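Asker: Hey, dropping start.cif in here, mmCIF, C-alpha atoms:
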data_input
loop_
_atom_site.label_atom_id
_atom_site.label_comp_id
_atom_site.auth_asym_id
_atom_site.auth_seq_id
_atom_site.Cartn_x
_atom_site.Cartn_y
_atom_site.Cartn_z
CA MET B 20 -11.72 -29.44 -34.40
CA ASP B 21 -12.36 -31.17 -31.11
CA ALA B 22 -12.92 -29.55 -27.74
CA ASP B 23 -9.25 -29.74 -26.72
CA GLN B 24 -8.05 -28.03 -29.88
CA LEU B 25 -10.66 -25.28 -29.53
CA PHE B 26 -9.66 -24.83 -25.89
CA ALA B 27 -6.01 -24.44 -26.91
CA VAL B 28 -6.97 -21.72 -29.39
CA SER B 29 -9.33 -19.83 -27.07
CA GLY B 30 -6.63 -18.99 -24.51
CA PRO B 31 -4.30 -17.05 -26.83
CA VAL B 32 -7.28 -15.21 -28.36
CA ALA B 33 -8.36 -13.94 -24.94
CA MET B 34 -4.75 -13.25 -23.88
CA THR B 35 -4.33 -10.98 -26.90
CA GLY B 36 -7.28 -8.95 -25.66
CA TRP B 37 -5.80 -8.65 -22.15
CA ALA B 38 -2.41 -7.59 -23.53
CA VAL B 39 -4.17 -4.92 -25.60
CA LEU B 40 -5.99 -3.65 -22.49
CA ALA B 41 -2.77 -3.54 -20.47
CA ALA B 42 -1.14 -1.43 -23.18
CA SER B 43 -4.33 0.55 -23.89
CA PRO B 44 -3.02 4.04 -22.94
CA LEU B 45 -0.87 3.87 -26.10
CA ALA B 46 -3.94 3.64 -28.36
CA PRO B 47 -7.14 3.89 -26.32
CA ARG B 48 -9.66 3.83 -29.17
CA ALA B 49 -8.04 0.96 -31.07
CA ALA B 50 -7.76 -0.97 -27.78
CA GLN B 51 -11.49 -0.58 -27.15
CA ILE B 52 -12.33 -1.77 -30.68
CA ALA B 53 -10.07 -4.82 -30.33
CA ALA B 54 -10.55 -5.83 -26.67
CA GLY B 55 -13.94 -4.27 -26.02
CA ILE B 56 -15.75 -5.33 -29.19
CA ALA B 57 -13.88 -7.55 -31.68
CA ILE B 58 -12.40 -10.22 -29.40
CA PRO B 59 -15.46 -10.49 -27.10
CA ALA B 60 -17.56 -10.80 -30.28
CA ILE B 61 -15.35 -13.62 -31.62
CA LEU B 62 -15.52 -15.43 -28.27
CA SER B 63 -19.29 -14.88 -28.03
CA LEU B 64 -19.70 -16.28 -31.52
CA ALA B 65 -17.67 -19.36 -30.54
CA TYR B 66 -19.81 -19.74 -27.40
CA THR B 67 -23.07 -19.54 -29.33
CA VAL B 68 -21.92 -22.09 -31.91
CA LEU B 69 -20.75 -24.46 -29.16
CA ILE B 70 -24.10 -24.23 -27.39
CA LEU B 71 -26.01 -24.86 -30.64
CA VAL B 72 -23.91 -27.95 -31.31
CA ALA B 73 -23.55 -29.45 -27.84
CA TRP B 74 -26.60 -28.46 -25.80
CA SER B 75 -28.84 -31.34 -26.92
CA GLU B 76 -26.29 -34.03 -26.02
CA ALA B 77 -25.66 -32.68 -22.52
CA ASP B 78 -27.34 -33.98 -19.37
CA GLY B 79 -28.14 -31.78 -16.42
CA GLY B 80 -29.76 -28.38 -16.13
CA PHE B 81 -29.84 -25.10 -14.22
CA ASP B 82 -32.23 -26.14 -11.43
CA SER B 83 -29.69 -27.45 -8.91
CA LEU B 84 -25.97 -27.24 -8.29
CA ALA B 85 -25.69 -31.00 -8.96
CA ASN B 86 -27.39 -30.54 -12.35
CA VAL B 87 -25.18 -27.58 -13.28
CA MET B 88 -22.16 -29.74 -12.44
CA THR B 89 -23.58 -32.53 -14.61
CA LEU B 90 -23.86 -30.08 -17.53
CA PHE B 91 -20.13 -29.53 -17.39
CA ASP B 92 -19.44 -33.28 -17.67
CA THR B 93 -19.95 -32.83 -21.42
CA PRO B 94 -16.62 -31.51 -22.79
CA MET B 95 -18.16 -29.21 -25.43
CA VAL B 96 -20.47 -27.66 -22.82
CA ALA B 97 -17.60 -27.24 -20.38
CA LEU B 98 -15.64 -25.58 -23.18
CA ALA B 99 -18.59 -23.29 -23.88
CA GLY B 100 -18.64 -22.38 -20.19
CA TRP B 101 -14.93 -21.61 -20.30
CA VAL B 102 -15.32 -19.44 -23.43
CA HIS B 103 -18.20 -17.66 -21.65
CA TYR B 104 -15.75 -16.73 -18.86
CA LEU B 105 -13.15 -15.57 -21.37
CA ALA B 106 -15.64 -13.44 -23.33
CA PHE B 107 -17.35 -11.77 -20.38
CA ASP B 108 -14.20 -11.25 -18.29
CA LEU B 109 -12.53 -9.48 -21.22
CA PHE B 110 -15.65 -7.42 -21.84
CA VAL B 111 -15.63 -6.36 -18.18
CA GLY B 112 -11.91 -5.60 -18.45
CA ALA B 113 -12.56 -3.30 -21.39
CA TRP B 114 -15.37 -1.61 -19.44
CA VAL B 115 -13.01 -1.05 -16.52
CA VAL B 116 -10.45 0.57 -18.83
CA ARG B 117 -13.14 2.75 -20.44
CA ARG B 118 -14.61 3.82 -17.14
CA ALA B 119 -11.18 4.52 -15.63
CA ARG B 120 -10.31 6.70 -18.60
CA ARG B 121 -13.55 8.63 -18.28
CA ASP B 122 -13.07 9.18 -14.53
CA GLY B 123 -9.34 9.91 -14.75
CA VAL B 124 -8.24 6.86 -12.72
CA ALA B 125 -4.48 6.34 -13.19
CA HIS B 126 -3.57 3.33 -15.33
CA ILE B 127 -1.27 2.03 -12.59
CA LEU B 128 -4.40 1.51 -10.46
CA VAL B 129 -6.21 -0.10 -13.40
CA LEU B 130 -3.51 -2.73 -14.01
CA PRO B 131 -4.08 -4.69 -10.76
CA CYS B 132 -7.83 -4.60 -11.47
CA LEU B 133 -7.19 -6.03 -14.93
CA LEU B 134 -4.87 -8.74 -13.57
CA LEU B 135 -7.45 -9.73 -10.98
CA THR B 136 -10.29 -9.69 -13.53
CA PHE B 137 -8.19 -11.86 -15.84
CA LEU B 138 -7.51 -14.39 -13.08
CA PHE B 139 -10.62 -14.21 -10.89
CA GLY B 140 -13.19 -12.23 -12.90
CA PRO B 141 -15.56 -10.67 -10.35
CA ALA B 142 -12.76 -10.06 -7.82
CA GLY B 143 -11.15 -7.62 -10.27
CA LEU B 144 -14.43 -5.85 -10.90
CA LEU B 145 -14.91 -5.60 -7.13
CA LEU B 146 -11.47 -4.01 -6.69
CA PHE B 147 -12.21 -1.47 -9.41
CA LEU B 148 -15.56 -0.63 -7.83
CA ALA B 149 -13.81 -0.23 -4.45
CA ILE B 150 -11.29 2.16 -5.98
CA GLY B 151 -14.18 4.10 -7.52
CA ALA B 152 -15.96 4.20 -4.15
CA ALA B 153 -12.78 5.44 -2.42
CA ARG B 154 -12.33 8.18 -5.03
CA SER B 155 -15.93 9.20 -4.67
CA LEU B 156 -15.73 9.25 -0.86
CA LEU B 157 -12.58 11.37 -0.92
CA ALA B 158 -13.62 13.77 -3.68
CA PRO B 159 -13.88 17.45 -2.63
CA ARG B 160 -17.41 17.54 -4.05
CA PRO B 161 -19.76 14.64 -4.76
CA ILE B 162 -18.98 13.03 -8.12
CA GLU B 163 -21.88 12.70 -10.57
CA ALA B 164 -22.51 8.99 -11.08
CA MET I 6 -46.46 26.13 -18.10
CA THR I 7 -42.95 26.28 -16.70
CA ASP I 8 -43.15 25.58 -13.04
CA ALA I 9 -39.63 24.89 -11.78
CA ALA I 10 -41.00 23.21 -8.68
CA LEU I 11 -42.62 20.54 -10.81
CA GLN I 12 -39.41 19.71 -12.66
CA PRO I 13 -37.67 16.67 -11.26
CA SER I 14 -34.54 17.70 -9.45
CA ARG I 15 -31.38 16.59 -11.23
CA ARG I 16 -29.56 16.46 -7.95
CA LEU I 17 -30.21 13.97 -5.25
CA PRO I 18 -31.52 15.76 -2.17
CA VAL I 19 -29.30 13.58 0.02
CA ARG I 20 -25.97 15.15 0.88
CA ARG I 21 -23.45 12.51 0.01
CA ILE I 22 -20.66 11.63 2.39
CA THR I 23 -17.28 12.98 1.49
CA LEU I 24 -14.23 12.22 3.58
CA HIS I 25 -12.31 14.92 1.78
CA ARG I 26 -12.27 17.28 4.74
CA LEU I 27 -10.80 14.61 6.98
CA PHE I 28 -8.28 12.91 4.72
CA GLY I 29 -8.14 14.94 1.51
CA ALA I 30 -4.66 16.35 2.23
CA GLU I 31 -3.12 13.03 1.18
CA PRO I 32 -5.43 11.30 -1.33
CA VAL I 33 -3.01 8.45 -2.11
CA LEU I 34 -2.68 7.26 1.50
CA ALA I 35 -6.34 8.04 2.18
CA GLY I 36 -7.47 6.06 -0.88
CA THR I 37 -5.32 3.13 0.24
CA GLY I 38 -6.91 3.26 3.69
CA VAL I 39 -10.46 3.43 2.32
CA VAL I 40 -9.89 0.54 -0.12
CA ILE I 41 -8.36 -1.61 2.63
CA GLY I 42 -11.27 -0.65 4.88
CA LEU I 43 -13.77 -1.66 2.20
CA SER I 44 -11.93 -4.96 1.70
CA LEU I 45 -12.95 -5.87 5.26
CA VAL I 46 -16.34 -6.79 3.81
CA VAL I 47 -14.60 -9.49 1.76
CA THR I 48 -12.59 -10.97 4.63
CA ALA I 49 -15.60 -10.78 6.96
CA GLY I 50 -17.55 -12.78 4.38
CA ALA I 51 -14.72 -15.31 4.15
CA MET I 52 -14.64 -15.57 7.95
CA ALA I 53 -18.39 -16.26 8.02
CA LEU I 54 -18.07 -19.07 5.47
CA ASP I 55 -14.68 -20.57 6.30
CA THR I 56 -14.50 -23.18 9.05
CA ARG I 57 -10.69 -23.45 9.06
CA ALA I 58 -8.88 -22.45 12.23
CA PHE I 59 -5.27 -21.45 12.89
CA GLN I 60 -3.76 -21.51 16.40
CA GLY I 61 -7.25 -21.79 17.86
CA GLU I 62 -8.79 -18.79 16.08
CA THR I 63 -10.56 -18.45 12.75
CA ILE I 64 -7.98 -18.30 10.00
CA TRP I 65 -9.33 -14.89 8.93
CA SER I 66 -8.87 -13.13 12.28
CA LYS I 67 -5.28 -12.15 11.53
CA PRO I 68 -5.91 -10.67 8.05
CA ILE I 69 -8.84 -8.73 9.55
CA LYS I 70 -6.66 -7.34 12.37
CA PHE I 71 -4.02 -6.25 9.88
CA GLN I 72 -6.59 -4.69 7.55
CA VAL I 73 -8.04 -2.69 10.43
CA ALA I 74 -4.56 -1.67 11.61
CA LEU I 75 -3.26 -0.66 8.19
CA ALA I 76 -6.46 1.20 7.28
CA ILE I 77 -6.24 3.15 10.55
CA TYR I 78 -2.52 3.79 10.01
CA THR I 79 -2.85 5.13 6.45
CA LEU I 80 -5.94 7.18 7.29
CA THR I 81 -4.20 8.63 10.37
CA LEU I 82 -1.23 9.71 8.25
CA ALA I 83 -3.61 11.19 5.67
CA PHE I 84 -5.37 13.10 8.46
CA PHE I 85 -2.06 14.51 9.80
CA ALA I 86 -0.86 15.34 6.25
CA ARG I 87 -2.63 18.72 6.42
CA TRP I 88 0.11 19.90 8.82
CA LEU I 89 3.00 18.90 6.58
CA PRO I 90 5.00 21.82 5.16
CA ARG I 91 3.10 23.52 2.35
CA GLY I 92 3.78 21.91 -1.01
CA MET I 93 5.53 18.84 0.44
CA THR I 94 2.95 16.32 -0.81
CA ALA I 95 3.33 17.68 -4.36
CA ARG I 96 7.09 17.15 -4.44
CA ARG I 97 8.41 14.38 -6.68
CA ASP I 98 10.55 12.72 -4.01
CA TYR I 99 7.64 12.75 -1.56
CA ARG I 100 5.29 11.23 -4.11
CA LEU I 101 7.78 8.47 -4.89
CA PHE I 102 8.12 7.77 -1.16
CA ALA I 103 4.34 7.70 -0.64
CA GLY I 104 4.00 5.37 -3.63
CA ILE I 105 6.54 2.96 -2.12
CA VAL I 106 4.77 3.08 1.26
CA VAL I 107 1.45 2.27 -0.43
CA VAL I 108 3.02 -0.67 -2.28
CA ALA I 109 4.46 -1.92 1.03
CA VAL I 110 1.07 -1.60 2.76
CA LEU I 111 -0.75 -3.41 -0.05
CA ALA I 112 1.93 -6.13 -0.28
CA GLU I 113 1.62 -6.74 3.47
CA THR I 114 -2.18 -6.98 3.22
CA ALA I 115 -2.01 -9.33 0.23
CA TRP I 116 0.64 -11.51 1.88
CA ILE I 117 -1.29 -11.98 5.13
CA GLY I 118 -4.60 -12.49 3.30
CA GLY I 119 -2.95 -14.89 0.84
CA ALA I 120 -1.45 -16.95 3.66
CA ALA I 121 -4.90 -17.27 5.26
CA MET I 122 -6.40 -18.25 1.90
CA ALA I 123 -3.73 -20.95 1.53
CA GLY I 124 -4.34 -22.07 5.13
CA THR I 125 -0.78 -21.42 6.27
CA ALA I 126 1.15 -19.02 8.51
CA SER I 127 2.32 -15.63 7.27
CA HIS I 128 4.71 -14.47 9.98
CA PHE I 129 7.25 -16.97 11.39
CA ASN I 130 6.71 -19.21 8.35
CA VAL I 131 10.29 -20.18 7.49
CA GLY I 132 12.20 -23.33 6.58
CA THR I 133 12.63 -23.23 2.81
CA PRO I 134 14.69 -20.64 0.86
CA PHE I 135 11.50 -19.22 -0.68
CA LYS I 136 9.69 -18.93 2.66
CA ASP I 137 12.76 -17.37 4.30
CA ALA I 138 13.09 -14.83 1.48
CA LEU I 139 9.37 -14.01 1.57
CA TYR I 140 9.39 -13.48 5.33
CA ALA I 141 12.49 -11.29 5.10
CA THR I 142 10.96 -9.22 2.27
CA MET I 143 7.77 -8.69 4.22
CA GLY I 144 9.85 -7.63 7.23
CA ALA I 145 11.60 -5.06 5.06
CA PHE I 146 8.23 -3.81 3.76
CA ALA I 147 6.95 -3.54 7.33
CA VAL I 148 9.94 -1.37 8.29
CA LEU I 149 9.45 0.69 5.14
CA LEU I 150 5.80 1.42 5.82
CA THR I 151 6.63 2.39 9.40
CA THR I 152 9.22 4.95 8.19
CA ALA I 153 6.27 7.00 6.90
CA SER I 154 5.40 7.93 10.50
CA LEU I 155 9.01 9.01 11.14
CA VAL I 156 9.08 11.18 8.01
CA TYR I 157 5.72 12.72 8.94
CA GLY I 158 6.78 13.29 12.55
CA ILE I 159 9.96 15.12 11.61
CA ALA I 160 8.30 17.17 8.86
CA ILE I 161 5.38 18.25 11.05
CA GLY I 162 7.65 18.85 14.06
CA ARG I 163 9.73 21.31 12.04
CA ASN I 164 6.76 23.02 10.39
CA THR I 165 6.31 26.05 12.67
CA ALA I 166 3.98 27.53 10.02
CA CYS I 167 1.40 24.74 10.31
CA GLY I 168 -0.90 26.87 12.46
CA LEU I 169 -1.10 24.43 15.36
CA ASP I 170 -0.56 25.29 19.00
CA PRO I 171 3.14 24.46 19.62
CA ALA I 172 2.25 21.88 22.29
CA MET I 173 -0.21 20.19 19.94
CA ARG I 174 2.36 20.18 17.15
CA LEU I 175 4.88 18.67 19.54
CA ALA I 176 2.38 15.99 20.57
CA ILE I 177 1.63 14.98 16.99
CA ALA I 178 5.32 15.01 16.02
CA LEU I 179 6.36 13.00 19.10
CA GLY I 180 3.56 10.50 18.57
CA LEU I 181 4.56 9.92 14.94
CA VAL I 182 8.27 9.65 15.73
CA LEU I 183 7.64 7.34 18.70
CA THR I 184 5.50 5.06 16.54
CA PHE I 185 8.61 4.45 14.47
CA VAL I 186 11.16 4.48 17.29
CA LEU I 187 9.19 2.09 19.53
CA THR I 188 7.69 -0.18 16.88
CA ILE I 189 10.96 -1.01 15.13
CA PRO I 190 12.74 -2.62 18.14
CA VAL I 191 9.59 -4.27 19.55
CA ALA I 192 8.32 -5.65 16.24
CA GLY I 193 11.87 -6.38 15.09
CA TYR I 194 12.56 -8.47 18.20
CA MET I 195 9.21 -10.25 17.85
CA ALA I 196 9.86 -11.04 14.17
CA SER I 197 13.19 -12.69 15.04
CA ALA I 198 11.69 -14.63 17.98
CA PRO I 199 10.15 -18.06 17.33
CA GLY I 200 6.64 -16.62 17.74
CA HIS I 201 4.64 -13.86 19.43
CA LEU I 202 4.14 -15.82 22.65
CA VAL I 203 6.72 -16.30 25.42
CA GLY I 204 5.66 -19.53 27.08
CA THR I 205 3.15 -22.23 26.20
CA PRO I 206 -0.51 -21.51 26.97
CA GLU I 207 -2.58 -24.41 28.25
CA LEU I 208 -6.12 -23.06 28.28
CA GLY I 209 -5.97 -20.65 25.35
CA ALA I 210 -7.46 -17.80 27.40
CA ARG I 211 -7.23 -14.51 25.50
CA VAL I 212 -8.18 -10.86 25.73
CA PRO I 213 -11.35 -10.40 23.61
CA ILE I 214 -10.92 -9.05 20.06
CA LEU I 215 -7.23 -8.24 20.48
CA GLY I 216 -6.45 -11.90 21.15
CA TRP I 217 -3.54 -11.41 23.58
CA SER I 218 -2.75 -14.37 25.79
CA ARG I 219 -3.87 -14.15 29.42
CA GLU I 220 -1.62 -17.03 30.49
CA VAL I 221 1.84 -16.34 29.06
CA GLY I 222 3.87 -13.40 27.76
CA ASP I 223 2.53 -11.89 24.53
CA LEU I 224 4.87 -9.59 22.60
CA ARG I 225 1.98 -8.21 20.57
CA VAL I 226 0.86 -6.01 23.50
CA ALA I 227 4.01 -3.88 23.25
CA HIS I 228 3.73 -3.80 19.45
CA PHE I 229 0.17 -2.53 19.79
CA LEU I 230 1.15 0.22 22.23
CA ALA I 231 4.23 1.22 20.21
CA THR I 232 2.29 1.48 16.97
CA HIS I 233 -0.52 3.50 18.55
CA ALA I 234 1.82 6.20 19.89
CA LEU I 235 0.62 8.30 16.95
CA HIS I 236 -2.87 8.25 18.49
CA ALA I 237 -2.02 8.28 22.20
CA LEU I 238 0.26 11.33 22.18
CA PRO I 239 -1.99 13.56 20.08
CA ALA I 240 -4.79 12.59 22.50
CA ALA I 241 -2.53 13.62 25.39
CA GLY I 242 -1.76 16.82 23.46
CA LEU I 243 -5.46 17.63 23.18
CA ILE I 244 -5.82 17.28 26.93
CA ALA I 245 -2.69 19.36 27.53
CA VAL I 246 -3.78 22.30 25.37
CA ALA I 247 -7.30 22.14 26.78
CA THR I 248 -6.15 22.35 30.40
CA THR I 249 -2.98 24.46 30.31
CA ARG I 250 -1.13 26.67 27.88
CA GLY I 251 2.34 27.61 26.67
CA ARG I 252 5.37 25.88 28.11
CA THR I 253 3.34 24.01 30.70
CA ALA I 254 1.35 22.33 27.92
CA SER I 255 4.53 21.37 26.09
CA GLY I 256 5.96 20.06 29.34
CA LEU I 257 2.87 17.92 29.87
CA VAL I 258 3.28 16.49 26.37
CA TRP I 259 6.88 15.55 27.14
CA VAL I 260 5.76 13.87 30.37
CA ALA I 261 3.13 11.94 28.43
CA ALA I 262 5.75 10.86 25.87
CA VAL I 263 8.06 9.57 28.59
CA ALA I 264 5.18 7.82 30.37
CA PHE I 265 3.97 6.21 27.16
CA THR I 266 7.47 5.00 26.31
CA ALA I 267 7.78 3.57 29.81
CA ALA I 268 4.43 1.81 29.50
CA THR I 269 5.48 0.26 26.19
CA ALA I 270 8.81 -0.83 27.67
CA PHE I 271 6.99 -2.32 30.68
CA ALA I 272 4.63 -4.29 28.42
CA PHE I 273 7.62 -5.51 26.41
CA LEU I 274 9.65 -6.60 29.47
CA GLN I 275 6.58 -8.21 31.02
CA ALA I 276 6.09 -10.29 27.85
CA LEU I 277 9.78 -11.18 27.68
CA ALA I 278 9.51 -12.48 31.25
CA GLY I 279 6.65 -14.72 30.09
CA ARG I 280 4.01 -12.86 32.13
CA PRO I 281 0.65 -11.80 30.65
CA LEU I 282 -0.36 -8.13 31.04
CA PHE I 283 -3.94 -9.15 31.82
CA PRO I 284 -3.53 -12.36 33.87
CA LEU I 285 -6.40 -14.67 34.65
CA PRO I 286 -7.88 -14.00 38.11
#
Starting from the coordinates I provided, produce the structure as structure tokens.
Answerer:
Amino acid sequence: MDADQLFAVSGPVAMTGWAVLAASPLAPRAAQIAAGIAIPAILSLAYTVLILVAWSEADGGFDSLANVMTLFDTPMVALAGWVHYLAFDLFVGAWVVRRARRDGVAHILVLPCLLLTFLFGPAGLLLFLAIGAARSLLAPRPIEA
Amino acid sequence: MTDAALQPSRRLPVRRITLHRLFGAEPVLAGTGVVIGLSLVVTAGAMALDTRAFQGETIWSKPIKFQVALAIYTLTLAFFARWLPRGMTARRDYRLFAGIVVVAVLAETAWIGGAAMAGTASHFNVGTPFKDALYATMGAFAVLLTTASLVYGIAIGRNTACGLDPAMRLAIALGLVLTFVLTIPVAGYMASAPGHLVGTPELGARVPILGWSREVGDLRVAHFLATHALHALPAAGLIAVATTRGRTASGLVWVAAVAFTAATAFAFLQALAGRPLFPLP
């Protein structure tokens, strides 16, 4: 399989995880196993294999922005970077769902956080943390962290 | 040896801030206000990094003004919610209404922030069917979120069991109702006008922070006054109950309401005539 084919497969795999998280109140434990462990593990495995295969052929490095950009000129490395996003964003999404469930945050507030995490990763995490901060600030008594 | 004093305390000695006493009567509106308030950190960061300008100001100044305004609005309602009739906030129809208001507030914030992100205008941005529809929808949302002050004003005004001094209750109710009654015509007229200015400024001289023109008429002055009736009249009410009592206090509140309405009308007419409220010397 070449990089384009792998890219085409990676999207639906991650999407499945996000759909599971969106519907997670129906089966919270199964959702965590699928979207919090199994799919991130599959994506992490793909990432690790891609790095093992492609790292040596890539130019660039981590020491400057220009070098990081050069790294991504190699398609397999760029694909690895993309799969890294998919894996970690989904993992964060599953954490958000878990945490919201523990703290009793309504799922309707979790959904925009998930959408934002899916599209813009850290922005969704930030929204969820802001909701948590607002809940904590407005709680009758301080919430144990 | 079991010396309790040597055991590490499980609780932090610092008393953590809780806004519950101020806004806890309406957690949904209060939470919305706090989240919008926190999101100011994001837009302030964008303003610091973004060099794009719109109509002579940083492109992020408008989203920031709306965030501040909507956070103050929702937190003010949450503060007044304690004087709503007992059990009202738990009712199904009320909760549905509050949910719709929150959606309207968030949609407005996202729309204005999104327009800044895209480097385009939010209000007055028409010309294609999509833009026209978006502007009209956001106008409807703006009316919807303003109805919350009307609902609160009427409910608190009728709630003789709220425990407030009658003059103070009147002041809060009048302020909330006037916010709706004055904002709708002023903002409605402005929304249908070509823009918020009446006239063409040459120098770009503005009132600091608020950004009102000091050269030509600016309809935003009247909008500002109208929308802050829910702060101005309760403030007048505080003065009234502190200085007089009974019917005299209520009378003072009515005088303040008439004066505030007149001031808003004056600011509106002044802008319509193309004159700035704070002209250059």
Asker: Tell me the residues of chain I close to chain B, meaning within 12 Å using only C-alpha atoms, as a PyMOL selection string.
Answerer: chain I and resi 15-17+19-47+80+83-84+104+107-108+111
Asker: Return as AutoDock Vina command-line options the box centre and box size in Å, one decimal, for an axis-aligned box around all listed atoms of range 79-87 of chain I padded by 4 Å per side.
Answerer:
--center_x -3.4 --center_y 11.9 --center_z 8.0 --size_x 13.1 --size_y 21.6 --size_z 12.7
Asker: Calculate how many Å separate CA of Gly216 in chain I from CA of Thr232 in chain I, rounding to one decimal.
Answerer: 16.5 Å
Asker: So that I can check the surroundings of Leu202 in chain I, please list as a PyMOL selection string every protein, DNA and RNA residue that reaches within 12 Å of it, counting all atoms listed in the file and ignoring chain neighbours fewer than 2 positions away.
Answerer: chain I and resi 60+129+195-196+198-200+204-206+209+211+216-227+273+275-281
Asker: So, counting all atoms listed in the file, which residue among B:Leu45, B:Met20, B:Ala33, B:Leu64 is closest to Phe137 in chain B?
Answerer: B:Ala33
Asker: Near range 114-118 of chain B, counting only C-alpha atoms, which residues have an atom at most 10 Å away, once you skip same-chain residues fewer than 6 positions from it, shown as a ChimeraX atom specification?
Answerer: /B:40-41,43-44,47-48,50-51,54-55,108,124,126,129-130,132-133,136,143-144,147-148,151
Asker: Could you write those residues out with C-alpha atoms, as a CSV table (one decimal), keeping the file's coordinate frame?
Answerer:
chain,number,residue,atom,x,y,z
B,40,LEU,CA,-6.0,-3.6,-22.5
B,41,ALA,CA,-2.8,-3.5,-20.5
B,43,SER,CA,-4.3,0.6,-23.9
B,44,PRO,CA,-3.0,4.0,-22.9
B,47,PRO,CA,-7.1,3.9,-26.3
B,48,ARG,CA,-9.7,3.8,-29.2
B,50,ALA,CA,-7.8,-1.0,-27.8
B,51,GLN,CA,-11.5,-0.6,-27.2
B,54,ALA,CA,-10.6,-5.8,-26.7
B,55,GLY,CA,-13.9,-4.3,-26.0
B,108,ASP,CA,-14.2,-11.2,-18.3
B,124,VAL,CA,-8.2,6.9,-12.7
B,126,HIS,CA,-3.6,3.3,-15.3
B,129,VAL,CA,-6.2,-0.1,-13.4
B,130,LEU,CA,-3.5,-2.7,-14.0
B,132,CYS,CA,-7.8,-4.6,-11.5
B,133,LEU,CA,-7.2,-6.0,-14.9
B,136,THR,CA,-10.3,-9.7,-13.5
B,143,GLY,CA,-11.2,-7.6,-10.3
B,144,LEU,CA,-14.4,-5.8,-10.9
B,147,PHE,CA,-12.2,-1.5,-9.4
B,148,LEU,CA,-15.6,-0.6,-7.8
B,151,GLY,CA,-14.2,4.1,-7.5
Asker: Given the file shown, enumerate the residues that the PyMOL selection byres ((chain I and resi 144) around 12) captures and present them as number ranges by chain.
Answerer: I: 109-110, 112-113, 116, 127-129, 137-143, 145-151, 189, 192-197
Asker: N, CA and C atoms are what I want for range 84-97 of chain B; can you complete it accordingly and write them as a CSV table (one decimal), in the coordinates of the input?
Answerer:
chain,number,residue,atom,x,y,z
B,84,LEU,N,-27.4,-27.3,-8.1
B,84,LEU,CA,-26.0,-27.2,-8.3
B,84,LEU,C,-25.5,-28.6,-8.9
B,85,ALA,N,-26.1,-29.7,-8.4
B,85,ALA,CA,-25.7,-31.0,-9.0
B,85,ALA,C,-25.9,-31.1,-10.5
B,86,ASN,N,-27.1,-30.5,-10.9
B,86,ASN,CA,-27.4,-30.5,-12.4
B,86,ASN,C,-26.5,-29.6,-13.2
B,87,VAL,N,-26.1,-28.5,-12.6
B,87,VAL,CA,-25.2,-27.6,-13.3
B,87,VAL,C,-23.8,-28.3,-13.4
B,88,MET,N,-23.4,-29.0,-12.4
B,88,MET,CA,-22.2,-29.7,-12.4
B,88,MET,C,-22.2,-30.8,-13.5
B,89,THR,N,-23.4,-31.5,-13.6
B,89,THR,CA,-23.6,-32.5,-14.6
B,89,THR,C,-23.4,-32.0,-16.0
B,90,LEU,N,-24.0,-30.7,-16.2
B,90,LEU,CA,-23.9,-30.1,-17.5
B,90,LEU,C,-22.4,-30.0,-18.0
B,91,PHE,N,-21.5,-29.7,-17.0
B,91,PHE,CA,-20.1,-29.5,-17.4
B,91,PHE,C,-19.4,-30.8,-17.5
B,92,ASP,N,-20.1,-32.0,-17.4
B,92,ASP,CA,-19.4,-33.3,-17.7
B,92,ASP,C,-19.3,-33.5,-19.2
B,93,THR,N,-20.1,-32.8,-20.0
B,93,THR,CA,-20.0,-32.8,-21.4
B,93,THR,C,-18.9,-31.9,-21.9
B,94,PRO,N,-17.8,-32.4,-22.5
B,94,PRO,CA,-16.6,-31.5,-22.8
B,94,PRO,C,-17.0,-30.3,-23.6
B,95,MET,N,-17.8,-30.4,-24.6
B,95,MET,CA,-18.2,-29.2,-25.4
B,95,MET,C,-18.9,-28.2,-24.6
B,96,VAL,N,-19.7,-28.6,-23.7
B,96,VAL,CA,-20.5,-27.7,-22.8
B,96,VAL,C,-19.5,-27.0,-21.8
B,97,ALA,N,-18.6,-27.8,-21.3
B,97,ALA,CA,-17.6,-27.2,-20.4
B,97,ALA,C,-16.8,-26.2,-21.1
